[in-house]
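For reference, query.csv (CSV, C-alpha atoms):
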```csv
chain,number,residue,atom,x,y,z
O,1,MET,CA,-78.7,252.5,-63.7
O,2,ALA,CA,-81.9,253.3,-61.9
O,3,LEU,CA,-80.6,251.1,-59.2
O,4,PHE,CA,-80.3,251.4,-55.6
O,5,SER,CA,-83.2,251.3,-53.4
O,6,MET,CA,-80.9,249.0,-51.3
O,7,LYS,CA,-77.4,249.3,-50.1
O,8,LEU,CA,-74.4,248.3,-52.2
O,9,ASP,CA,-72.6,245.6,-50.3
O,10,ASN,CA,-70.1,244.1,-52.8
O,11,LEU,CA,-69.1,244.0,-56.4
O,12,GLN,CA,-71.3,240.9,-57.2
O,13,GLN,CA,-74.3,242.9,-56.1
O,14,LEU,CA,-73.3,246.0,-58.1
O,15,TYR,CA,-72.6,243.6,-61.1
O,16,VAL,CA,-76.2,242.2,-61.1
O,17,LYS,CA,-77.7,245.7,-60.6
O,18,GLU,CA,-75.7,247.1,-63.6
O,19,LEU,CA,-76.7,244.1,-65.7
O,20,ARG,CA,-80.4,244.9,-64.9
O,21,ASP,CA,-79.8,248.5,-65.9
O,22,LEU,CA,-78.4,247.4,-69.2
O,23,TYR,CA,-81.3,245.0,-69.7
O,24,ASP,CA,-83.7,247.9,-69.3
O,25,ALA,CA,-81.6,250.1,-71.6
O,26,GLU,CA,-81.6,247.5,-74.3
O,27,SER,CA,-85.4,247.1,-74.0
O,28,GLN,CA,-85.8,250.9,-74.3
O,29,ILE,CA,-83.6,250.9,-77.4
O,30,THR,CA,-85.7,248.1,-79.0
O,31,GLU,CA,-88.8,250.3,-78.5
O,32,ALA,CA,-87.0,253.5,-79.8
O,33,LEU,CA,-85.3,252.2,-82.9
O,34,PRO,CA,-88.4,251.6,-85.1
O,35,LYS,CA,-89.3,255.3,-84.8
O,36,MET,CA,-85.8,256.3,-85.7
O,37,ILE,CA,-85.8,253.9,-88.7
O,38,ASP,CA,-89.1,255.3,-89.9
O,39,HIS,CA,-87.9,258.9,-89.7
O,40,ALA,CA,-84.4,258.3,-91.2
O,41,HIS,CA,-84.1,259.3,-94.9
O,42,ASN,CA,-80.7,258.0,-96.0
O,43,PRO,CA,-81.1,254.3,-97.1
O,44,GLN,CA,-77.8,253.3,-95.6
O,45,LEU,CA,-78.8,254.9,-92.3
O,46,LYS,CA,-82.1,253.1,-92.3
O,47,GLN,CA,-80.4,249.8,-93.0
O,48,ALA,CA,-77.8,250.3,-90.3
O,49,LEU,CA,-80.4,251.1,-87.7
O,50,GLN,CA,-82.5,248.1,-88.9
O,51,GLU,CA,-79.5,245.8,-88.5
O,52,HIS,CA,-78.8,247.3,-85.1
O,53,LEU,CA,-82.4,246.6,-84.0
O,54,SER,CA,-81.8,242.9,-84.9
O,55,VAL,CA,-78.4,242.9,-83.1
O,56,THR,CA,-80.0,244.6,-80.0
O,57,LYS,CA,-82.6,241.8,-79.8
O,58,HIS,CA,-79.8,239.3,-79.9
O,59,GLN,CA,-78.0,241.2,-77.2
O,60,ILE,CA,-81.1,240.9,-75.0
O,61,THR,CA,-81.0,237.1,-75.5
O,62,ARG,CA,-77.4,237.2,-74.4
O,63,LEU,CA,-78.3,239.0,-71.2
O,64,ASP,CA,-81.1,236.6,-70.6
O,65,ARG,CA,-78.6,233.8,-70.8
O,66,ILE,CA,-76.3,235.6,-68.3
O,67,PHE,CA,-79.3,236.1,-65.9
O,68,GLN,CA,-80.0,232.4,-66.2
O,69,MET,CA,-76.4,231.5,-65.3
O,70,LEU,CA,-76.6,233.9,-62.3
O,71,GLY,CA,-80.0,232.5,-61.2
O,72,GLU,CA,-81.3,236.1,-61.1
O,73,LYS,CA,-84.2,238.0,-62.6
O,74,PRO,CA,-83.4,240.6,-65.3
O,75,THR,CA,-86.1,243.1,-64.3
O,76,GLY,CA,-86.3,245.6,-61.6
O,77,GLU,CA,-84.2,248.6,-62.8
O,78,THR,CA,-85.1,251.6,-64.9
O,79,CYS,CA,-82.2,253.0,-66.9
O,80,LYS,CA,-82.7,256.8,-66.5
O,81,GLY,CA,-79.6,257.6,-68.5
O,82,MET,CA,-80.9,255.8,-71.5
O,83,LYS,CA,-84.4,257.4,-71.0
O,84,GLY,CA,-82.8,260.8,-71.3
O,85,VAL,CA,-80.6,259.9,-74.3
O,86,ILE,CA,-83.6,258.4,-76.2
O,87,LYS,CA,-85.7,261.5,-75.4
O,88,GLU,CA,-83.1,263.5,-77.3
O,89,GLY,CA,-83.5,261.4,-80.4
O,90,ASP,CA,-87.2,261.8,-80.2
O,91,GLU,CA,-86.8,265.6,-80.1
O,92,ILE,CA,-84.7,265.5,-83.3
O,93,ILE,CA,-87.4,263.4,-85.0
O,94,SER,CA,-90.2,265.7,-83.8
O,95,ALA,CA,-88.3,268.8,-85.0
O,96,GLY,CA,-88.1,267.7,-88.6
O,97,GLY,CA,-86.5,269.9,-91.3
O,98,ASP,CA,-83.9,269.3,-94.0
O,99,PRO,CA,-83.8,265.5,-94.5
O,100,SER,CA,-79.9,265.2,-94.3
O,101,THR,CA,-79.8,267.5,-91.3
O,102,VAL,CA,-82.4,265.4,-89.5
O,103,ASP,CA,-80.4,262.3,-90.5
O,104,ALA,CA,-77.2,263.9,-89.1
O,105,GLY,CA,-79.1,264.6,-85.8
O,106,ILE,CA,-80.4,261.0,-85.7
O,107,ILE,CA,-76.8,259.7,-86.2
O,108,SER,CA,-75.6,262.0,-83.4
O,109,ALA,CA,-78.3,260.7,-81.0
O,110,ALA,CA,-77.7,257.1,-82.0
O,111,GLN,CA,-73.9,257.5,-81.3
O,112,ARG,CA,-74.7,258.8,-77.8
O,113,VAL,CA,-76.8,255.7,-77.3
O,114,GLU,CA,-73.8,253.5,-78.5
O,115,HIS,CA,-71.3,255.4,-76.3
O,116,TYR,CA,-73.5,255.0,-73.2
O,117,GLU,CA,-73.8,251.3,-73.9
O,118,MET,CA,-70.0,251.0,-74.5
O,119,ALA,CA,-69.4,252.5,-71.0
O,120,GLY,CA,-72.0,250.2,-69.4
O,121,TYR,CA,-70.8,247.0,-71.1
O,122,GLY,CA,-67.1,247.8,-70.6
O,123,THR,CA,-67.9,248.1,-66.8
O,124,VAL,CA,-69.8,244.8,-66.4
O,125,ARG,CA,-67.4,242.9,-68.6
O,126,THR,CA,-64.6,244.1,-66.3
O,127,TYR,CA,-66.7,243.1,-63.2
O,128,ALA,CA,-67.4,239.6,-64.7
O,129,LYS,CA,-63.7,239.0,-65.3
O,130,LEU,CA,-62.8,240.0,-61.8
O,131,LEU,CA,-65.6,237.9,-60.3
O,132,GLY,CA,-64.1,234.9,-62.2
O,133,GLN,CA,-67.2,234.6,-64.5
O,134,GLN,CA,-65.3,234.1,-67.7
O,135,GLU,CA,-68.1,232.8,-69.8
O,136,MET,CA,-70.2,235.8,-69.0
O,137,ALA,CA,-67.3,238.1,-69.6
O,138,LYS,CA,-67.0,236.6,-73.1
O,139,LEU,CA,-70.7,237.2,-73.8
O,140,LEU,CA,-70.4,240.8,-72.6
O,141,GLN,CA,-67.3,241.4,-74.7
O,142,GLN,CA,-69.2,240.2,-77.8
O,143,THR,CA,-71.9,242.8,-77.1
O,144,LEU,CA,-69.3,245.5,-76.4
O,145,ASP,CA,-67.6,244.7,-79.7
O,146,GLU,CA,-70.9,245.0,-81.5
O,147,GLU,CA,-71.7,248.4,-80.0
O,148,ALA,CA,-68.2,249.6,-81.1
O,149,GLN,CA,-68.9,248.3,-84.6
O,150,ALA,CA,-72.3,250.0,-84.7
O,151,ASP,CA,-70.7,253.3,-83.7
O,152,SER,CA,-68.0,253.0,-86.5
O,153,LYS,CA,-70.7,252.2,-89.0
O,154,LEU,CA,-72.6,255.4,-88.0
O,155,THR,CA,-69.4,257.5,-88.3
O,156,GLU,CA,-69.0,256.1,-91.8
O,157,ILE,CA,-72.6,257.0,-92.8
O,158,ALA,CA,-72.2,260.4,-91.2
O,159,ASN,CA,-69.3,261.2,-93.6
O,160,THR,CA,-71.9,261.3,-96.4
O,161,VAL,CA,-74.9,262.7,-94.5
O,162,ASN,CA,-73.0,265.6,-92.8
O,163,VAL,CA,-71.7,266.8,-96.2
O,164,GLU,CA,-75.2,266.8,-97.6
O,165,ALA,CA,-76.5,268.6,-94.4
O,166,LYS,CA,-73.7,271.2,-94.8
O,167,ALA,CA,-74.9,272.0,-98.4
O,168,ALA,CA,-78.6,272.2,-97.3
Z,1,MET,CA,-79.6,267.6,-76.7
Z,2,ALA,CA,-82.8,269.1,-75.5
Z,3,LEU,CA,-82.9,270.8,-78.8
Z,4,PHE,CA,-85.5,271.3,-81.3
Z,5,SER,CA,-88.5,273.4,-80.7
Z,6,MET,CA,-87.6,274.6,-84.2
Z,7,LYS,CA,-86.8,272.8,-87.5
Z,8,LEU,CA,-83.4,271.6,-88.4
Z,9,ASP,CA,-82.5,273.4,-91.6
Z,10,ASN,CA,-78.7,272.7,-92.0
Z,11,LEU,CA,-75.6,271.5,-90.4
Z,12,GLN,CA,-74.6,274.9,-89.0
Z,13,GLN,CA,-77.8,275.1,-87.1
Z,14,LEU,CA,-77.4,271.6,-85.8
Z,15,TYR,CA,-73.9,272.4,-84.8
Z,16,VAL,CA,-74.9,275.4,-82.7
Z,17,LYS,CA,-77.7,273.4,-81.0
Z,18,GLU,CA,-75.4,270.6,-80.1
Z,19,LEU,CA,-72.9,273.0,-78.7
Z,20,ARG,CA,-75.7,274.4,-76.5
Z,21,ASP,CA,-76.6,271.0,-75.4
Z,22,LEU,CA,-72.9,270.3,-74.4
Z,23,TYR,CA,-72.8,273.6,-72.6
Z,24,ASP,CA,-75.8,272.6,-70.5
Z,25,ALA,CA,-74.3,269.2,-70.0
Z,26,GLU,CA,-71.0,270.7,-68.7
Z,27,SER,CA,-73.0,273.0,-66.3
Z,28,GLN,CA,-74.9,270.0,-64.9
Z,29,ILE,CA,-71.6,268.1,-64.4
Z,30,THR,CA,-70.1,271.1,-62.5
Z,31,GLU,CA,-73.1,271.0,-60.2
Z,32,ALA,CA,-73.0,267.2,-59.8
Z,33,LEU,CA,-69.3,266.6,-59.2
Z,34,PRO,CA,-68.9,268.2,-55.8
Z,35,LYS,CA,-71.4,265.7,-54.4
Z,36,MET,CA,-69.6,262.8,-56.0
Z,37,ILE,CA,-66.3,264.1,-54.6
Z,38,ASP,CA,-67.8,264.3,-51.1
Z,39,HIS,CA,-69.2,260.8,-51.2
Z,40,ALA,CA,-66.1,259.1,-52.8
Z,41,HIS,CA,-63.9,257.2,-50.3
Z,42,ASN,CA,-60.8,256.3,-52.2
Z,43,PRO,CA,-58.3,259.3,-52.1
Z,44,GLN,CA,-57.2,258.8,-55.7
Z,45,LEU,CA,-60.8,258.8,-56.9
Z,46,LYS,CA,-61.5,262.0,-54.9
Z,47,GLN,CA,-58.5,263.6,-56.4
Z,48,ALA,CA,-59.3,262.5,-60.0
Z,49,LEU,CA,-62.9,263.9,-59.6
Z,50,GLN,CA,-61.6,267.1,-58.1
Z,51,GLU,CA,-59.2,267.5,-61.1
Z,52,HIS,CA,-62.0,266.8,-63.5
Z,53,LEU,CA,-64.1,269.5,-61.9
Z,54,SER,CA,-61.4,272.0,-62.6
Z,55,VAL,CA,-60.9,270.6,-66.2
Z,56,THR,CA,-64.7,270.9,-66.7
Z,57,LYS,CA,-64.7,274.6,-65.7
Z,58,HIS,CA,-61.9,275.2,-68.2
Z,59,GLN,CA,-64.0,273.3,-70.9
Z,60,ILE,CA,-66.9,275.6,-70.2
Z,61,THR,CA,-64.6,278.6,-70.8
Z,62,ARG,CA,-63.5,277.0,-74.1
Z,63,LEU,CA,-67.2,276.7,-75.1
Z,64,ASP,CA,-67.8,280.3,-74.1
Z,65,ARG,CA,-65.0,281.2,-76.5
Z,66,ILE,CA,-66.5,279.2,-79.3
Z,67,PHE,CA,-69.9,280.9,-78.8
Z,68,GLN,CA,-68.2,284.3,-78.9
Z,69,MET,CA,-66.6,283.3,-82.3
Z,70,LEU,CA,-70.0,282.2,-83.5
Z,71,GLY,CA,-71.8,285.3,-82.2
Z,72,GLU,CA,-74.3,283.1,-80.6
Z,73,LYS,CA,-75.6,282.7,-77.0
Z,74,PRO,CA,-74.6,279.4,-75.2
Z,75,THR,CA,-78.0,279.0,-73.3
Z,76,GLY,CA,-81.3,277.7,-74.4
Z,77,GLU,CA,-80.9,273.9,-74.4
Z,78,THR,CA,-81.4,271.4,-71.6
Z,79,CYS,CA,-79.3,268.2,-72.0
Z,80,LYS,CA,-81.8,265.5,-71.0
Z,81,GLY,CA,-79.3,262.7,-71.6
Z,82,MET,CA,-76.9,264.2,-69.0
Z,83,LYS,CA,-79.8,264.7,-66.6
Z,84,GLY,CA,-80.6,261.0,-66.6
Z,85,VAL,CA,-76.9,260.0,-66.4
Z,86,ILE,CA,-76.3,262.2,-63.4
Z,87,LYS,CA,-79.5,261.0,-61.7
Z,88,GLU,CA,-77.9,257.5,-61.8
Z,89,GLY,CA,-74.8,258.8,-60.0
Z,90,ASP,CA,-77.1,260.4,-57.4
Z,91,GLU,CA,-78.8,257.1,-56.8
Z,92,ILE,CA,-75.5,255.3,-56.1
Z,93,ILE,CA,-74.5,257.9,-53.6
Z,94,SER,CA,-77.9,257.7,-51.9
Z,95,ALA,CA,-77.8,253.9,-51.7
Z,96,GLY,CA,-74.6,253.9,-49.7
Z,97,GLY,CA,-73.1,250.6,-48.4
Z,98,ASP,CA,-69.6,249.2,-48.6
Z,99,PRO,CA,-67.2,252.1,-49.3
Z,100,SER,CA,-65.3,250.4,-52.2
Z,101,THR,CA,-68.5,249.2,-53.8
Z,102,VAL,CA,-69.9,252.7,-53.7
Z,103,ASP,CA,-66.7,254.0,-55.2
Z,104,ALA,CA,-66.9,251.4,-57.9
Z,105,GLY,CA,-70.5,252.6,-58.6
Z,106,ILE,CA,-69.3,256.2,-58.7
Z,107,ILE,CA,-66.6,255.3,-61.2
Z,108,SER,CA,-69.1,253.5,-63.3
Z,109,ALA,CA,-71.5,256.5,-63.3
Z,110,ALA,CA,-68.6,258.9,-64.0
Z,111,GLN,CA,-67.5,256.8,-67.0
Z,112,ARG,CA,-71.0,256.9,-68.4
Z,113,VAL,CA,-70.7,260.7,-68.1
Z,114,GLU,CA,-67.4,260.7,-69.9
Z,115,HIS,CA,-68.6,258.4,-72.7
Z,116,TYR,CA,-71.7,260.6,-73.3
Z,117,GLU,CA,-69.4,263.6,-73.6
Z,118,MET,CA,-67.0,261.8,-75.9
Z,119,ALA,CA,-69.9,261.1,-78.3
Z,120,GLY,CA,-71.0,264.7,-78.1
Z,121,TYR,CA,-67.7,266.3,-78.5
Z,122,GLY,CA,-66.7,263.9,-81.3
Z,123,THR,CA,-69.8,264.9,-83.2
Z,124,VAL,CA,-69.3,268.7,-82.9
Z,125,ARG,CA,-65.6,268.5,-83.6
Z,126,THR,CA,-66.5,266.7,-86.9
Z,127,TYR,CA,-69.1,269.3,-87.7
Z,128,ALA,CA,-66.7,272.2,-87.0
Z,129,LYS,CA,-64.1,270.6,-89.4
Z,130,LEU,CA,-66.7,270.2,-92.1
Z,131,LEU,CA,-67.9,273.7,-91.7
Z,132,GLY,CA,-64.4,275.0,-92.1
Z,133,GLN,CA,-64.1,276.2,-88.5
Z,134,GLN,CA,-60.7,274.9,-87.8
Z,135,GLU,CA,-59.9,277.0,-84.7
Z,136,MET,CA,-63.2,275.7,-83.1
Z,137,ALA,CA,-62.4,272.2,-84.2
Z,138,LYS,CA,-59.0,272.4,-82.4
Z,139,LEU,CA,-60.6,273.6,-79.2
Z,140,LEU,CA,-63.3,270.9,-79.3
Z,141,GLN,CA,-60.6,268.3,-80.0
Z,142,GLN,CA,-58.7,269.4,-76.8
Z,143,THR,CA,-61.8,268.8,-74.8
Z,144,LEU,CA,-62.4,265.5,-76.4
Z,145,ASP,CA,-58.9,264.4,-75.6
Z,146,GLU,CA,-59.4,265.5,-71.9
Z,147,GLU,CA,-62.6,263.5,-71.7
Z,148,ALA,CA,-60.7,260.4,-73.0
Z,149,GLN,CA,-57.9,261.0,-70.5
Z,150,ALA,CA,-60.4,261.3,-67.6
Z,151,ASP,CA,-62.0,258.0,-68.7
Z,152,SER,CA,-58.6,256.2,-68.8
Z,153,LYS,CA,-57.7,257.6,-65.3
Z,154,LEU,CA,-61.0,256.3,-63.9
Z,155,THR,CA,-60.3,252.9,-65.5
Z,156,GLU,CA,-56.9,252.9,-63.7
Z,157,ILE,CA,-58.4,253.7,-60.3
Z,158,ALA,CA,-61.2,251.1,-60.9
Z,159,ASN,CA,-58.4,248.4,-61.1
Z,160,THR,CA,-57.8,249.0,-57.3
Z,161,VAL,CA,-61.3,249.9,-56.2
Z,162,ASN,CA,-63.0,246.9,-57.9
Z,163,VAL,CA,-60.7,244.4,-56.3
Z,164,GLU,CA,-61.5,245.9,-52.9
Z,165,ALA,CA,-65.2,245.8,-53.7
Z,166,LYS,CA,-64.9,242.1,-54.7
Z,167,ALA,CA,-63.4,241.3,-51.3
Z,168,ALA,CA,-66.1,243.2,-49.4
```
Re-express the file's structure as C-alpha cells.
Amino acid sequence: MALFSMKLDNLQQLYVKELRDLYDAESQITEALPKMIDHAHNPQLKQALQEHLSVTKHQITRLDRIFQMLGEKPTGETCKGMKGVIKEGDEIISAGGDPSTVDAGIISAAQRVEHYEMAGYGTVRTYAKLLGQQEMAKLLQQTLDEEAQADSKLTEIANTVNVEAKAA
Amino acid sequence: MALFSMKLDNLQQLYVKELRDLYDAESQITEALPKMIDHAHNPQLKQALQEHLSVTKHQITRLDRIFQMLGEKPTGETCKGMKGVIKEGDEIISAGGDPSTVDAGIISAAQRVEHYEMAGYGTVRTYAKLLGQQEMAKLLQQTLDEEAQADSKLTEIANTVNVEAKAA
C-alpha cells in the first residue's frame, strides 16, 4: 500500500486504495518472476514459478474486471511492501552459490511474496463482503485460494530442496 | 532478508542469514509499533498492538538466545521487506481521516507485518528442524504461534472496526 496522499474517509475508499496496491504488487511480481525462474535450478521449482507467473497474469485480469465493476482506474499506487520483498529475492539471486541453497533462498523469498499477498487479498475480500460486493468478493477469494495453493506447492518443493542444501 | 553480500554455500549459512533478517525485522517492528499505538483510535486495537509490542520484545530475547546457541552475532542484515511493509503503515497514519477507517488501515498494515513474519519464522523453524537443532526449532515455533495468534486477534478486532468504517 503506497496509498494515501489523501485522507481516508470510509471503507469503500480504503477498499479501492488497497486494490490498487495489490494491482501494483501483482505487476511487480510479473516483472520479478522471470528472473527467479531463470536463476532457479530445481526443475520442479522452475515449473512452479512458471505456472505462478501464468496464474499471476490471470489474477491481474481478475483485478481489471473488479476495477471495471467499480468504475475506477487500477493505477496510482506503488506497493512499497512488495518492492522490499522482491528486492530480497534479487539479493539471493545475485549472491549465487550452491544451487540447492540458492533454490532454498528463492523459495523462502517467494513464500514471503505469497504471504504478503494472502494478507492483502484476505483484507480486500473481507471489505468486499462487508460492502455487499459479493461478485468481487468471490473473485478475490479465488485469487486468495490460488496464493495459498502456490505457497503449499513451494513448501512441498522445499522438502526436497532443503535436504539437498543441508548436504551441500 | 537483506542478506547476501556473500555466496550461499549451504542451508546452515542460509539459516543464520535468515535469522539475522528476522532479528532486524523485529527491531524495526519495535520501533514502528509505538507510533501505530499512538494513532490507533479503537481501545481494543490500541491494547492488542501494545500487547504485541511486549510480545515482540520477548521474541527478540528468544532470537538472542538462538544466536548465543549458534555462537553467531545477530546483526548485519537489513530486512528490506519489513522496511517497505512498515512504510505502508506510516502512510496510513500520515493520511489520517475517519478514525475507524484509519484503524481499519492500521489493522491491514499490521496483518501484512504478521504474515511476513509468519513466512519468515515458518522457514527458519523448518531449517532448524532439518539441521537437527530441535531446541531452536521449538523456540521458533513459539514465535510462529504468537504471530498467528496476533493475526487472529487483529481479524477479530477488524470485525468491529470495518463495520464502523463502512458506516463512516
Residues of chain Z within 7 Å of chain O, all atoms listed in the file counted, as a PyMOL selection string: chain Z and resi 1-12+80-81+83-85+88+91-92+95-98+101-102+108+111-112+115-116+119-120+123+162+165-166+168
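The gap separating atom CA of Z:Ile106 from atom CA of O:Leu19 is 15.8 Å, in Å to one decimal.
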Straight-line distance linking atom CA of O:Ser152 with atom CA of Z:Leu144, stated in Å to one decimal: 17.0 Å
9 Å contact set for stretch 63-71 of chain Z, all atoms listed in the file, chain neighbours under 5 positions out, as a ChimeraX atom specification: /Z:16,19-20,22-23,58,135-136,139-140
Nearest residue to O:His52 from the set O:Ala150, O:Met36, O:Ala128, O:Ala25 (distances using only C-alpha atoms): O:Ala150
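Relative to atom CA of O:Ala148, atom CA of O:Ile29 is found at 15.9 Å.
Nearest to O:Glu147 of all the residues O:Glu77, O:Gln44, O:Ala32, O:Glu26 is O:Glu26, based on only C-alpha atoms.
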Hey, could you pull the box centre and edge lengths for stretch 87-100 of chain Z, axis-aligned, 3 Å padding per side, all listed atoms, to one decimal in Å, as lines of an AutoDock Vina configuration file?
```
center_x = -72.4
center_y = 255.1
center_z = -55.1
size_x = 20.2
size_y = 17.8
size_z = 19.4
```
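Nearest residue to Z:Lys17 among Z:Thr61, Z:Pro74, Z:His39, Z:Gln149 is Z:Pro74, counting all atoms listed in the file.
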All heavy atoms are needed for stretch 10-19 of chain O; please write them out as a CSV table (one decimal), in the coordinates of the input.
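Full text of result.csv as output:
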```
chain,number,residue,atom,x,y,z
O,10,ASN,N,-71.4,244.7,-52.1
O,10,ASN,CA,-70.1,244.1,-52.8
O,10,ASN,C,-70.3,244.2,-54.3
O,10,ASN,O,-71.3,244.5,-54.8
O,10,ASN,CB,-69.9,242.7,-52.3
O,10,ASN,CG,-71.1,241.8,-52.5
O,10,ASN,OD1,-71.7,241.8,-53.6
O,10,ASN,ND2,-71.6,241.1,-51.5
O,11,LEU,N,-69.2,243.8,-54.9
O,11,LEU,CA,-69.1,244.0,-56.4
O,11,LEU,C,-70.1,243.1,-57.1
O,11,LEU,O,-70.7,243.4,-58.1
O,11,LEU,CB,-67.7,243.6,-56.9
O,11,LEU,CG,-67.3,244.0,-58.3
O,11,LEU,CD1,-67.3,245.5,-58.5
O,11,LEU,CD2,-66.0,243.4,-58.8
O,12,GLN,N,-70.3,241.9,-56.6
O,12,GLN,CA,-71.3,240.9,-57.2
O,12,GLN,C,-72.7,241.6,-57.2
O,12,GLN,O,-73.4,241.5,-58.3
O,12,GLN,CB,-71.3,239.6,-56.3
O,12,GLN,CG,-72.4,238.6,-56.8
O,12,GLN,CD,-72.0,237.9,-58.1
O,12,GLN,OE1,-70.8,237.8,-58.4
O,12,GLN,NE2,-73.0,237.4,-58.8
O,13,GLN,N,-73.0,242.3,-56.2
O,13,GLN,CA,-74.3,242.9,-56.1
O,13,GLN,C,-74.4,244.1,-57.1
O,13,GLN,O,-75.4,244.2,-57.8
O,13,GLN,CB,-74.5,243.5,-54.7
O,13,GLN,CG,-76.0,243.6,-54.3
O,13,GLN,CD,-76.0,244.1,-52.8
O,13,GLN,OE1,-75.7,245.3,-52.6
O,13,GLN,NE2,-76.5,243.3,-51.9
O,14,LEU,N,-73.3,244.8,-57.2
O,14,LEU,CA,-73.3,246.0,-58.1
O,14,LEU,C,-73.3,245.4,-59.6
O,14,LEU,O,-74.0,246.0,-60.4
O,14,LEU,CB,-72.0,246.8,-57.9
O,14,LEU,CG,-71.8,248.0,-58.8
O,14,LEU,CD1,-72.9,249.1,-58.6
O,14,LEU,CD2,-70.4,248.6,-58.5
O,15,TYR,N,-72.7,244.3,-59.8
O,15,TYR,CA,-72.6,243.6,-61.1
O,15,TYR,C,-74.1,243.3,-61.6
O,15,TYR,O,-74.5,243.6,-62.7
O,15,TYR,CB,-71.8,242.4,-61.0
O,15,TYR,CG,-71.7,241.5,-62.2
O,15,TYR,CD1,-71.3,241.9,-63.5
O,15,TYR,CD2,-72.1,240.1,-62.1
O,15,TYR,CE1,-71.2,241.1,-64.6
O,15,TYR,CE2,-72.0,239.3,-63.2
O,15,TYR,CZ,-71.6,239.8,-64.4
O,15,TYR,OH,-71.5,238.9,-65.5
O,16,VAL,N,-74.8,242.6,-60.7
O,16,VAL,CA,-76.2,242.2,-61.1
O,16,VAL,C,-77.1,243.5,-61.3
O,16,VAL,O,-77.8,243.5,-62.3
O,16,VAL,CB,-76.8,241.4,-60.0
O,16,VAL,CG1,-78.3,241.1,-60.3
O,16,VAL,CG2,-76.0,240.1,-59.8
O,17,LYS,N,-76.9,244.5,-60.5
O,17,LYS,CA,-77.7,245.7,-60.6
O,17,LYS,C,-77.4,246.4,-62.0
O,17,LYS,O,-78.3,246.9,-62.7
O,17,LYS,CB,-77.5,246.6,-59.5
O,17,LYS,CG,-78.2,246.2,-58.2
O,17,LYS,CD,-78.1,247.2,-57.1
O,17,LYS,CE,-79.0,246.8,-55.9
O,17,LYS,NZ,-80.4,246.9,-56.2
O,18,GLU,N,-76.1,246.4,-62.3
O,18,GLU,CA,-75.7,247.1,-63.6
O,18,GLU,C,-76.2,246.3,-64.8
O,18,GLU,O,-76.5,246.9,-65.8
O,18,GLU,CB,-74.2,247.4,-63.6
O,18,GLU,CG,-73.8,248.3,-62.5
O,18,GLU,CD,-72.8,249.3,-62.9
O,18,GLU,OE1,-72.4,249.4,-64.1
O,18,GLU,OE2,-72.4,250.1,-62.1
O,19,LEU,N,-76.2,245.0,-64.6
O,19,LEU,CA,-76.7,244.1,-65.7
O,19,LEU,C,-78.2,244.4,-65.9
O,19,LEU,O,-78.7,244.5,-67.1
O,19,LEU,CB,-76.5,242.7,-65.4
O,19,LEU,CG,-75.1,242.1,-65.6
O,19,LEU,CD1,-75.0,240.7,-65.0
O,19,LEU,CD2,-74.7,242.1,-67.1
```
